[in-house]
file coords.cif (mmCIF, C-alpha atoms)
data_run
#
loop_
_atom_site.label_atom_id
_atom_site.label_comp_id
_atom_site.auth_asym_id
_atom_site.auth_seq_id
_atom_site.Cartn_x
_atom_site.Cartn_y
_atom_site.Cartn_z
CA MET A 23 4.78 -15.39 -13.62
CA THR A 24 5.39 -11.81 -14.72
CA ALA A 25 4.57 -8.61 -12.95
CA ALA A 26 1.75 -8.07 -15.43
CA ASP A 27 0.11 -11.29 -14.26
CA THR A 28 -0.15 -10.08 -10.70
CA VAL A 29 -0.41 -6.30 -10.85
CA LEU A 30 -3.06 -4.23 -12.58
CA LEU A 31 -3.68 -0.52 -12.67
CA PRO A 32 -6.73 0.63 -10.68
CA SER A 33 -10.02 0.00 -12.46
CA VAL A 34 -12.13 2.35 -14.57
CA GLU A 35 -14.66 2.31 -11.74
CA ALA A 36 -12.05 3.34 -9.18
CA PHE A 37 -11.16 6.49 -11.12
CA ALA A 38 -14.82 7.28 -11.79
CA ARG A 39 -15.75 6.75 -8.14
CA ALA A 40 -12.96 8.96 -6.85
CA ALA A 41 -13.99 11.74 -9.26
CA GLU A 42 -17.60 11.53 -8.12
CA HIS A 43 -16.61 11.61 -4.44
CA LEU A 44 -14.57 14.74 -5.06
CA LEU A 45 -17.47 16.45 -6.81
CA ALA A 46 -19.99 15.34 -4.20
CA ALA A 47 -17.86 16.67 -1.34
CA GLY A 48 -18.68 20.27 -2.27
CA GLU A 49 -17.87 22.65 0.58
CA ASP A 50 -18.12 19.99 3.31
CA ALA A 51 -14.62 20.10 4.82
CA LEU A 52 -14.69 16.57 6.22
CA ALA A 53 -16.05 15.08 3.00
CA ARG A 54 -13.36 16.92 1.02
CA ARG A 55 -10.66 15.58 3.31
CA ARG A 56 -11.93 12.04 2.83
CA ALA A 57 -12.26 12.45 -0.92
CA PHE A 58 -8.69 13.77 -1.16
CA ALA A 59 -7.48 10.85 0.96
CA ASP A 60 -9.22 8.42 -1.41
CA GLN A 61 -7.70 10.20 -4.39
CA GLN A 62 -4.26 9.97 -2.82
CA ALA A 63 -4.64 6.26 -2.12
CA LEU A 64 -5.76 5.70 -5.72
CA TRP A 65 -2.79 7.51 -7.22
CA GLY A 66 -0.40 5.98 -4.71
CA GLN A 67 -1.59 2.68 -6.13
CA VAL A 68 -0.94 3.94 -9.66
CA LEU A 69 2.58 4.84 -8.60
CA ALA A 70 3.15 1.41 -7.07
CA ASP A 71 1.73 -0.35 -10.11
CA VAL A 72 3.84 1.65 -12.55
CA ALA A 73 6.90 0.76 -10.50
CA ALA A 74 5.94 -2.91 -10.45
CA LEU A 75 5.12 -2.92 -14.16
CA ALA A 76 8.27 -1.06 -15.16
CA ASP A 77 9.43 -3.78 -17.52
CA VAL A 78 5.99 -4.45 -18.96
CA LEU A 79 4.41 -1.08 -19.69
CA PRO A 80 5.37 0.67 -22.90
CA LEU A 81 7.85 3.44 -22.12
CA GLU A 82 5.52 6.18 -23.33
CA VAL A 83 2.60 4.94 -21.21
CA ARG A 84 4.82 4.61 -18.16
CA ASP A 85 6.15 8.14 -18.54
CA ASP A 86 2.67 9.57 -19.08
CA LEU A 87 1.39 7.84 -15.95
CA LEU A 88 4.35 9.06 -13.91
CA ARG A 89 3.78 12.61 -15.10
CA LEU A 90 0.10 12.41 -14.20
CA ALA A 91 0.93 10.93 -10.81
CA ALA A 92 3.34 13.79 -10.19
CA VAL A 93 0.66 16.36 -11.01
CA VAL A 94 -2.01 14.66 -8.90
CA LEU A 95 0.12 13.82 -5.87
CA GLY A 96 1.91 17.17 -6.01
CA ASP A 97 -1.36 19.11 -5.97
CA LEU A 98 -2.58 17.01 -3.03
CA GLU A 99 0.23 18.56 -0.97
CA GLU A 100 -1.46 21.93 -1.23
CA VAL A 101 -3.59 23.15 1.65
CA GLU A 102 -6.42 23.65 -0.85
CA PRO A 103 -6.06 21.10 -3.66
CA ASP A 104 -7.73 21.88 -6.97
CA ILE A 105 -10.80 19.64 -7.18
CA ALA A 106 -11.40 20.46 -10.86
CA LEU A 107 -7.91 19.26 -11.73
CA HIS A 108 -8.41 15.94 -9.94
CA VAL A 109 -11.82 15.35 -11.45
CA THR A 110 -10.49 16.11 -14.93
CA VAL A 111 -7.51 13.79 -14.58
CA ASN A 112 -9.59 10.97 -13.12
CA ARG A 113 -12.19 11.24 -15.85
CA ALA A 114 -9.46 11.20 -18.48
CA MET A 115 -8.07 8.04 -16.87
CA ARG A 116 -11.54 6.53 -16.73
CA ASP A 117 -12.15 7.23 -20.41
CA GLY A 118 -8.67 6.16 -21.45
CA LEU A 119 -8.85 2.85 -19.59
CA ALA A 120 -12.38 2.22 -20.87
CA ASP A 121 -11.23 2.77 -24.45
CA GLY A 122 -8.19 0.56 -23.95
CA MET B 2 20.23 -9.44 -2.72
CA ALA B 3 17.33 -7.84 -0.93
CA GLN B 4 17.84 -6.73 2.65
CA ALA B 5 15.09 -6.87 5.22
CA GLY B 6 13.70 -3.53 6.31
CA ARG B 7 15.03 -1.50 3.42
CA THR B 8 12.74 1.06 1.83
CA VAL B 9 15.08 2.20 -0.92
CA PRO B 10 17.41 -0.24 -2.58
CA SER B 11 21.14 -0.26 -2.19
CA GLY B 12 23.41 0.40 -5.10
CA LEU B 13 21.25 3.17 -6.49
CA PRO B 14 22.76 4.63 -9.65
CA GLU B 15 24.91 7.63 -8.83
CA ALA B 16 22.82 9.87 -11.08
CA CYS B 17 19.73 9.26 -8.93
CA LEU B 18 21.16 10.13 -5.56
CA GLY B 19 20.78 13.88 -5.60
CA SER B 20 17.10 13.83 -6.44
CA LEU B 21 15.87 11.35 -3.88
CA PRO B 22 13.35 13.33 -1.87
CA LEU B 23 13.74 11.36 1.32
CA ALA B 24 17.17 9.86 1.28
CA GLY B 25 18.66 13.04 -0.14
CA GLN B 26 22.35 13.64 -0.34
CA GLY B 27 22.93 11.50 2.69
CA PHE B 28 21.90 8.37 0.89
CA ALA B 29 25.25 7.38 -0.52
CA ALA B 30 26.89 7.31 2.87
CA ALA B 31 23.80 6.44 4.87
CA PRO B 32 23.48 2.94 6.23
CA PRO B 33 20.21 1.07 5.60
CA GLU B 34 19.09 1.80 9.11
CA GLY B 35 19.18 5.51 8.23
CA LEU B 36 16.51 4.93 5.61
CA ALA B 37 14.52 2.80 7.98
CA ALA B 38 14.69 5.73 10.39
CA VAL B 39 13.16 7.99 7.73
CA ASP B 40 10.34 5.52 7.26
CA ALA B 41 9.87 5.28 11.01
CA ALA B 42 9.76 9.08 11.26
CA LEU B 43 7.15 9.18 8.50
CA ALA B 44 5.04 6.56 10.26
CA ARG B 45 5.23 8.49 13.54
CA GLY B 46 4.31 11.67 11.71
CA VAL B 47 1.29 10.05 10.04
CA ALA B 48 0.04 8.67 13.36
CA ALA B 49 0.57 11.94 15.20
CA VAL B 50 -1.06 14.12 12.54
CA ALA B 51 -4.02 11.76 12.29
CA GLU B 52 -4.41 12.00 16.06
CA ALA B 53 -4.22 15.79 15.91
CA LEU B 54 -6.85 15.89 13.17
CA ALA B 55 -9.17 13.75 15.28
CA ALA B 56 -8.69 16.19 18.15
CA LEU B 57 -9.48 19.12 15.87
CA ASP B 58 -12.64 17.36 14.71
CA ARG B 59 -13.64 17.14 18.40
CA ALA B 60 -12.89 20.86 18.81
CA ALA B 61 -15.08 21.69 15.81
CA ARG B 62 -17.95 19.66 17.26
CA LEU B 63 -17.54 21.37 20.65
CA LEU B 64 -17.68 24.77 18.98
CA ASP B 65 -20.85 23.75 17.14
CA ASP B 66 -22.33 22.65 20.49
CA GLN B 67 -21.35 25.99 22.00
CA ARG B 68 -22.98 27.88 19.16
CA ARG B 69 -26.23 25.99 19.71
CA LEU B 70 -26.12 26.62 23.46
CA LEU B 71 -25.32 30.30 22.97
CA GLU B 72 -28.43 30.64 20.85
CA SER B 73 -30.42 29.56 23.92
CA LEU B 74 -28.45 31.89 26.17
CA ALA B 75 -28.94 34.82 23.82
CA ASP B 76 -32.71 34.55 24.11
CA PRO B 77 -33.77 36.83 27.01
CA ARG B 78 -37.23 35.21 27.04
CA ALA B 79 -35.85 31.71 27.66
CA PRO B 80 -37.04 30.17 30.97
CA ALA B 81 -34.53 30.21 33.80
CA SER B 82 -34.32 26.41 33.88
CA GLU B 83 -33.45 26.31 30.20
CA ARG B 84 -30.84 29.02 30.62
CA LEU B 85 -29.30 27.15 33.55
CA ALA B 86 -29.06 23.92 31.56
CA ALA B 87 -27.58 25.79 28.61
CA MET B 88 -25.07 27.53 30.86
CA ARG B 89 -23.93 24.22 32.34
CA GLY B 90 -23.59 22.63 28.93
CA PHE B 91 -21.71 25.65 27.69
CA ALA B 92 -19.29 25.57 30.60
CA THR B 93 -18.59 21.87 30.04
CA ALA B 94 -18.00 22.37 26.31
CA ARG B 95 -15.76 25.36 27.02
CA ARG B 96 -13.66 23.38 29.49
CA ARG B 97 -13.28 20.49 27.03
CA LEU B 98 -12.42 22.84 24.21
CA ARG B 99 -9.66 24.53 26.18
CA ALA B 100 -8.17 21.11 26.93
CA VAL B 101 -7.90 20.15 23.25
CA PRO B 102 -4.61 21.94 22.38
CA ASP B 103 -2.98 20.63 25.54
CA GLY B 104 -4.13 17.10 24.83
CA ILE B 105 -2.36 16.75 21.52
CA ALA B 106 1.10 15.26 21.79
CA LEU B 107 2.56 15.52 18.34
CA LEU B 108 5.52 13.72 16.85
CA ASP B 109 8.48 13.08 19.08
CA GLY B 110 7.20 14.85 22.15
CA SER B 111 10.32 16.97 22.37
CA LEU B 112 8.35 20.19 22.50
CA PRO B 113 5.71 21.19 25.02
CA ARG B 114 2.36 19.67 24.21
CA GLY B 115 0.36 21.53 21.65
CA LEU B 116 -0.62 21.57 18.04
CA ARG B 117 2.11 21.66 15.42
CA VAL B 118 2.32 21.49 11.65
CA ILE B 119 5.06 19.90 9.60
CA THR B 120 7.41 22.25 7.82
CA GLY B 121 9.97 19.81 6.47
CA ILE B 122 12.15 16.82 7.03
CA ASP B 123 15.78 17.00 7.91
CA ALA B 124 18.07 14.00 8.19
CA GLY B 125 15.19 11.70 8.97
CA ALA B 126 13.60 13.99 11.53
CA ILE B 127 10.31 15.68 10.87
CA VAL B 128 10.47 19.43 11.41
CA VAL B 129 7.43 21.06 12.95
CA ALA B 130 6.12 24.52 13.75
CA PRO B 131 3.53 25.37 16.38
CA VAL B 132 -0.05 26.31 15.55
CA GLU B 133 -1.52 28.29 18.41
CA LEU B 134 -5.25 27.84 18.93
CA ARG B 135 -5.32 28.71 22.60
CA PRO B 136 -5.90 32.49 22.17
CA ALA B 137 -8.90 31.81 19.92
CA PHE B 138 -10.35 29.41 22.49
CA ALA B 139 -9.52 31.71 25.41
CA ALA B 140 -11.60 34.50 23.83
CA ILE B 141 -14.77 32.48 24.50
CA ALA B 142 -16.36 33.97 27.61
CA GLU B 143 -16.99 31.82 30.65
CA ALA B 144 -20.56 32.70 31.62
CA PRO B 145 -22.12 34.77 28.83
CA SER B 146 -25.05 37.05 29.49
CA PRO B 147 -27.65 37.33 26.69
CA ARG B 148 -25.81 40.38 25.34
CA VAL B 149 -22.41 38.67 25.41
CA ALA B 150 -23.91 35.53 23.90
CA LEU B 151 -25.23 37.56 21.00
CA ALA B 152 -21.84 39.19 20.51
CA MET B 153 -20.10 35.82 20.51
CA LEU B 154 -22.53 34.55 17.88
CA SER B 155 -21.87 37.45 15.51
CA PRO B 156 -19.93 36.76 12.29
CA ARG B 157 -16.77 38.27 13.83
CA GLY B 158 -17.53 36.93 17.30
CA ALA B 159 -15.44 34.55 19.36
CA ILE B 160 -17.21 31.40 18.17
CA SER B 161 -16.82 32.22 14.49
CA GLU B 162 -13.21 33.26 14.97
CA ALA B 163 -12.41 30.04 16.84
CA ARG B 164 -14.21 27.99 14.20
CA HIS B 165 -12.17 29.68 11.46
CA ALA B 166 -8.95 29.01 13.37
CA VAL B 167 -9.84 25.33 13.79
CA ALA B 168 -10.83 25.00 10.13
CA ALA B 169 -7.53 26.56 9.02
CA ALA B 170 -5.56 24.20 11.26
CA GLN B 171 -7.57 21.25 9.94
CA ARG B 172 -6.79 22.15 6.33
CA ARG B 173 -3.12 22.66 7.09
CA LEU B 174 -2.77 19.40 9.02
CA ALA B 175 -4.69 17.47 6.36
CA ALA B 176 -2.15 18.76 3.82
CA ASP B 177 0.65 17.65 6.17
CA LEU B 178 -0.88 14.21 6.34
CA ARG B 179 -1.03 13.99 2.56
CA ARG B 180 2.59 15.13 2.27
CA LEU B 181 3.72 12.37 4.61
CA ARG B 182 1.62 9.75 2.83
CA ASN B 183 2.98 10.83 -0.53
CA ARG B 184 6.47 10.12 0.68
CA GLN B 185 5.44 6.77 2.08
CA SER B 186 3.94 5.91 -1.32
CA LEU B 187 7.07 7.07 -3.09
CA ASN B 188 9.32 5.00 -0.85
CA ALA B 189 7.11 1.96 -1.38
CA ALA B 190 7.15 2.48 -5.16
CA LEU B 191 10.92 2.81 -5.18
CA ALA B 192 11.23 -0.41 -3.25
CA ARG B 193 8.78 -2.09 -5.61
CA ALA B 194 10.64 -0.88 -8.71
CA TRP B 195 13.75 -2.50 -7.33
CA GLY B 196 12.01 -5.83 -6.74
CA ASP B 197 14.14 -8.30 -4.84
CA GLY B 198 17.28 -6.44 -5.80
CA SER B 199 18.49 -9.21 -8.08
CA ALA B 200 18.15 -7.12 -11.24
CA PRO B 201 18.68 -3.40 -11.70
CA PRO B 202 15.53 -1.40 -12.48
CA PRO B 203 15.59 1.10 -15.32
CA PRO B 204 17.57 4.06 -13.90
CA THR B 205 15.32 6.57 -15.65
CA LEU B 206 12.31 5.16 -13.83
CA LEU B 207 14.01 5.52 -10.49
CA ARG B 208 15.05 9.04 -11.32
CA LYS B 209 11.52 9.95 -12.35
CA LEU B 210 9.98 8.39 -9.28
CA ALA B 211 12.47 10.15 -7.05
CA ALA B 212 11.83 13.51 -8.70
CA LEU B 213 8.05 13.17 -8.55
CA LEU B 214 7.49 15.27 -5.49
CA ARG B 215 9.22 18.46 -4.55
CA PRO B 216 11.45 17.95 -1.54
CA TRP B 217 9.58 19.31 1.43
CA ALA B 218 8.90 22.82 0.33
CA PRO B 219 6.74 24.47 2.98
CA ALA B 220 3.03 23.97 2.28
CA ARG B 221 1.45 26.99 0.64
#
call {"tool": "encode", "arguments": {"input": "coords.cif", "output": "structure tokens"}}
result
Amino acid sequence: MTAADTVLLPSVEAFARAAEHLLAAGEDALARRRAFADQQALWGQVLADVAALADVLPLEVRDDLLRLAAVVLGDLEEVEPDIALHVTVNRAMRDGLADG
Amino acid sequence: MAQAGRTVPSGLPEACLGSLPLAGQGFAAAPPEGLAAVDAALARGVAAVAEALAALDRAARLLDDQRRLLESLADPRAPASERLAAMRGFATARRRLRAVPDGIALLDGSLPRGLRVITGIDAGAIVVAPVELRPAFAAIAEAPSPRVALAMLSPRGAISEARHAVAAAQRRLAADLRRLRNRQSLNAALARAWGDGSAPPPPTLLRKLAALLRPWAPAR
């Protein structure tokens, strides 16, 4: 059994859902905190999956995902993360995975 | 061969050592238990910050209660019985609010109790700085008259100022929590990239994973 048999990237729906939660949070501080926590868990999973799929993913895809993870997780360390950035990245992932 | 309890694999390529955000320069000489200590420190930090955030959520609710009660107290036409009930509720909320900063025991407990934020990590120990909410809470009067109640309810009054202070601390601590969780994720991914240790992972992947997050720059 290969890593690809057991590990998958998060689903299209997971990226779409996280983006919608971020947008729906608006100015509600608690909802924003929860949405950012969900986003972090999602991209932590991406990081883990890329690591597990290191030998399976095409090099270019792996590097692109790592770069995106760095942008997303890095911004989540800010006191005020940029919601627009996270929504944009998640929607791009949603569309990219749906096309693939 | 894999070793139980390791979070970052042994035998890491020399080129990767300098950029490991958690293990840092100490990795080459550090025994496995040193890395386990980093993970343990992260876990303690996550638990402590989550506890502090829960306490701040309580403080925010108490301030909202106080605002509602002050609105009753600010009304000079309110019946005496209503004012008395509001005054009692206000006093209880005020007492509970003042206890919040003292009730938070963060991290290793080496400092006096109080709220702290994470400023970095050094040799496996999480570095913290105090966040002082007590002055903002102390500015809330004990038994407000209608005039004082109105003043406290104003946009620059004691309630608003305390609420702003709590909100700022919540945002800062939430960022701290995310910083800690990022490093937990990174450690887990590094361990996963290494697998059972029987085959070397691509060094470039390790280097990229390790360089993903900036090494504990103070939160902006």
call {"tool": "residues_around", "arguments": {"input": "coords.cif", "residues": "Leu151 of chain B", "least_positions_apart": "2", "cutoff": "8 Å", "atoms": "all atoms listed in the file", "output": "ChimeraX atom specification"}}
result
/B:71-72,75,147-149,153-155
call {"tool": "interface_residues", "arguments": {"input": "coords.cif", "of": "chain A", "to": "chain B", "cutoff": "10 Å", "atoms": "only C-alpha atoms", "output": "VMD selection string"}}
result
chain A and resid 51 to 52 54 to 56 58 to 59 62 to 63 65 to 77 81 84 to 85 88 to 93 95 to 103
call {"tool": "resolve_selection", "arguments": {"input": "coords.cif", "expression": "the PyMOL selection byres ((chain A and resi 112) around 8)", "output": "list in words"}}
result
Phe37, Ala38, Ala40, Ala41, His108, Val109, Thr110, Val111, Arg113, Ala114, Met115 and Arg116 of chain A
call {"tool": "atom_distance", "arguments": {"input": "coords.cif", "atom1": "atom CA of Gly158 of chain B", "atom2": "atom CA of Ala81 of chain B"}}
result
24.6 Å
call {"tool": "atom_distance", "arguments": {"input": "coords.cif", "atom1": "atom CA of Ala94 of chain B", "atom2": "atom CA of Ala139 of chain B"}}
result
12.6 Å
call {"tool": "atom_distance", "arguments": {"input": "coords.cif", "atom1": "atom CA of Ala137 of chain B", "atom2": "atom CA of Arg45 of chain B"}}
result
28.0 Å
call {"tool": "resolve_selection", "arguments": {"input": "coords.cif", "expression": "the PyMOL selection byres ((chain B and resi 134) around 9)", "output": "MDAnalysis selection string"}}
result
chainID B and resid 102 115:116 132:133 135:139 163 166:167 170
call {"tool": "closest_residue", "arguments": {"input": "coords.cif", "among": "A:Leu30, A:Arg39, A:Ala120, A:Leu107", "to": "Ala57 of chain A", "atoms": "all atoms listed in the file"}}
result
A:Arg39
call {"tool": "decode", "arguments": {"input": "coords.cif", "residues": "segment 87-112 of chain A", "atoms": "N, CA, C and O atoms", "output": "mmCIF file, in the first residue's frame"}}
result
data_model
loop_
_atom_site.group_PDB
_atom_site.id
_atom_site.type_symbol
_atom_site.label_atom_id
_atom_site.label_comp_id
_atom_site.auth_asym_id
_atom_site.auth_seq_id
_atom_site.Cartn_x
_atom_site.Cartn_y
_atom_site.Cartn_z
ATOM 1 N N LEU A 87 1.855 23.661 -3.184
ATOM 2 C CA LEU A 87 1.063 23.479 -1.960
ATOM 3 C C LEU A 87 1.832 23.958 -0.735
ATOM 4 O O LEU A 87 1.263 24.577 0.172
ATOM 5 N N LEU A 88 3.125 23.675 -0.707
ATOM 6 C CA LEU A 88 3.928 24.132 0.442
ATOM 7 C C LEU A 88 3.984 25.655 0.489
ATOM 8 O O LEU A 88 3.915 26.245 1.572
ATOM 9 N N ARG A 89 4.112 26.268 -0.671
ATOM 10 C CA ARG A 89 4.145 27.734 -0.692
ATOM 11 C C ARG A 89 2.812 28.316 -0.204
ATOM 12 O O ARG A 89 2.773 29.258 0.576
ATOM 13 N N LEU A 90 1.714 27.716 -0.670
ATOM 14 C CA LEU A 90 0.402 28.194 -0.225
ATOM 15 C C LEU A 90 0.233 27.985 1.283
ATOM 16 O O LEU A 90 -0.290 28.857 1.986
ATOM 17 N N ALA A 91 0.664 26.825 1.747
ATOM 18 C CA ALA A 91 0.556 26.551 3.195
ATOM 19 C C ALA A 91 1.354 27.573 3.986
ATOM 20 O O ALA A 91 0.915 28.034 5.047
ATOM 21 N N ALA A 92 2.518 27.942 3.465
ATOM 22 C CA ALA A 92 3.344 28.929 4.173
ATOM 23 C C ALA A 92 2.627 30.272 4.239
ATOM 24 O O ALA A 92 2.639 30.941 5.280
ATOM 25 N N VAL A 93 1.994 30.666 3.154
ATOM 26 C CA VAL A 93 1.277 31.946 3.135
ATOM 27 C C VAL A 93 0.113 31.900 4.124
ATOM 28 O O VAL A 93 -0.076 32.803 4.946
ATOM 29 N N VAL A 94 -0.680 30.828 4.040
ATOM 30 C CA VAL A 94 -1.884 30.728 4.877
ATOM 31 C C VAL A 94 -1.511 30.626 6.357
ATOM 32 O O VAL A 94 -2.012 31.398 7.192
ATOM 33 N N LEU A 95 -0.643 29.695 6.684
ATOM 34 C CA LEU A 95 -0.302 29.485 8.101
ATOM 35 C C LEU A 95 0.472 30.680 8.651
ATOM 36 O O LEU A 95 0.309 31.052 9.814
ATOM 37 N N GLY A 96 1.307 31.279 7.811
ATOM 38 C CA GLY A 96 2.053 32.456 8.263
ATOM 39 C C GLY A 96 1.112 33.606 8.592
ATOM 40 O O GLY A 96 1.247 34.255 9.627
ATOM 41 N N ASP A 97 0.130 33.844 7.740
ATOM 42 C CA ASP A 97 -0.805 34.950 7.998
ATOM 43 C C ASP A 97 -1.641 34.676 9.246
ATOM 44 O O ASP A 97 -2.036 35.612 9.951
ATOM 45 N N LEU A 98 -1.906 33.404 9.522
ATOM 46 C CA LEU A 98 -2.710 33.075 10.713
ATOM 47 C C LEU A 98 -1.955 33.383 12.010
ATOM 48 O O LEU A 98 -2.539 33.356 13.083
ATOM 49 N N GLU A 99 -0.678 33.691 11.924
ATOM 50 C CA GLU A 99 0.063 34.078 13.128
ATOM 51 C C GLU A 99 -0.100 35.564 13.442
ATOM 52 O O GLU A 99 0.344 36.025 14.488
ATOM 53 N N GLU A 100 -0.710 36.278 12.527
ATOM 54 C CA GLU A 100 -0.961 37.699 12.786
ATOM 55 C C GLU A 100 -2.100 37.855 13.792
ATOM 56 O O GLU A 100 -2.979 36.996 13.879
ATOM 57 N N VAL A 101 -2.074 38.962 14.501
ATOM 58 C CA VAL A 101 -3.167 39.243 15.440
ATOM 59 C C VAL A 101 -4.478 39.447 14.670
ATOM 60 O O VAL A 101 -5.542 39.033 15.120
ATOM 61 N N GLU A 102 -4.367 40.069 13.503
ATOM 62 C CA GLU A 102 -5.550 40.274 12.646
ATOM 63 C C GLU A 102 -5.285 39.638 11.284
ATOM 64 O O GLU A 102 -4.850 40.331 10.352
ATOM 65 N N PRO A 103 -5.540 38.351 11.133
ATOM 66 C CA PRO A 103 -5.318 37.729 9.823
ATOM 67 C C PRO A 103 -6.206 38.363 8.751
ATOM 68 O O PRO A 103 -7.245 38.960 9.047
ATOM 69 N N ASP A 104 -5.755 38.209 7.512
ATOM 70 C CA ASP A 104 -6.421 38.831 6.365
ATOM 71 C C ASP A 104 -7.471 37.862 5.812
ATOM 72 O O ASP A 104 -7.151 36.922 5.087
ATOM 73 N N ILE A 105 -8.725 38.111 6.147
ATOM 74 C CA ILE A 105 -9.793 37.184 5.739
ATOM 75 C C ILE A 105 -9.854 37.060 4.219
ATOM 76 O O ILE A 105 -10.025 35.958 3.681
ATOM 77 N N ALA A 106 -9.698 38.163 3.513
ATOM 78 C CA ALA A 106 -9.802 38.130 2.045
ATOM 79 C C ALA A 106 -8.749 37.186 1.456
ATOM 80 O O ALA A 106 -9.029 36.435 0.512
ATOM 81 N N LEU A 107 -7.564 37.228 2.035
ATOM 82 C CA LEU A 107 -6.506 36.336 1.537
ATOM 83 C C LEU A 107 -6.921 34.873 1.705
ATOM 84 O O LEU A 107 -6.798 34.061 0.778
ATOM 85 N N HIS A 108 -7.432 34.542 2.878
ATOM 86 C CA HIS A 108 -7.786 33.144 3.155
ATOM 87 C C HIS A 108 -8.944 32.674 2.280
ATOM 88 O O HIS A 108 -8.947 31.541 1.804
ATOM 89 N N VAL A 109 -9.910 33.556 2.095
ATOM 90 C CA VAL A 109 -11.051 33.193 1.246
ATOM 91 C C VAL A 109 -10.568 32.973 -0.191
ATOM 92 O O VAL A 109 -10.955 31.997 -0.847
ATOM 93 N N THR A 110 -9.708 33.856 -0.661
ATOM 94 C CA THR A 110 -9.205 33.740 -2.035
ATOM 95 C C THR A 110 -8.434 32.431 -2.230
ATOM 96 O O THR A 110 -8.648 31.706 -3.211
ATOM 97 N N VAL A 111 -7.553 32.132 -1.292
ATOM 98 C CA VAL A 111 -6.741 30.914 -1.422
ATOM 99 C C VAL A 111 -7.636 29.670 -1.352
ATOM 100 O O VAL A 111 -7.488 28.735 -2.157
ATOM 101 N N ASN A 112 -8.574 29.680 -0.420
ATOM 102 C CA ASN A 112 -9.447 28.498 -0.294
ATOM 103 C C ASN A 112 -10.300 28.292 -1.549
ATOM 104 O O ASN A 112 -10.507 27.159 -1.984
#
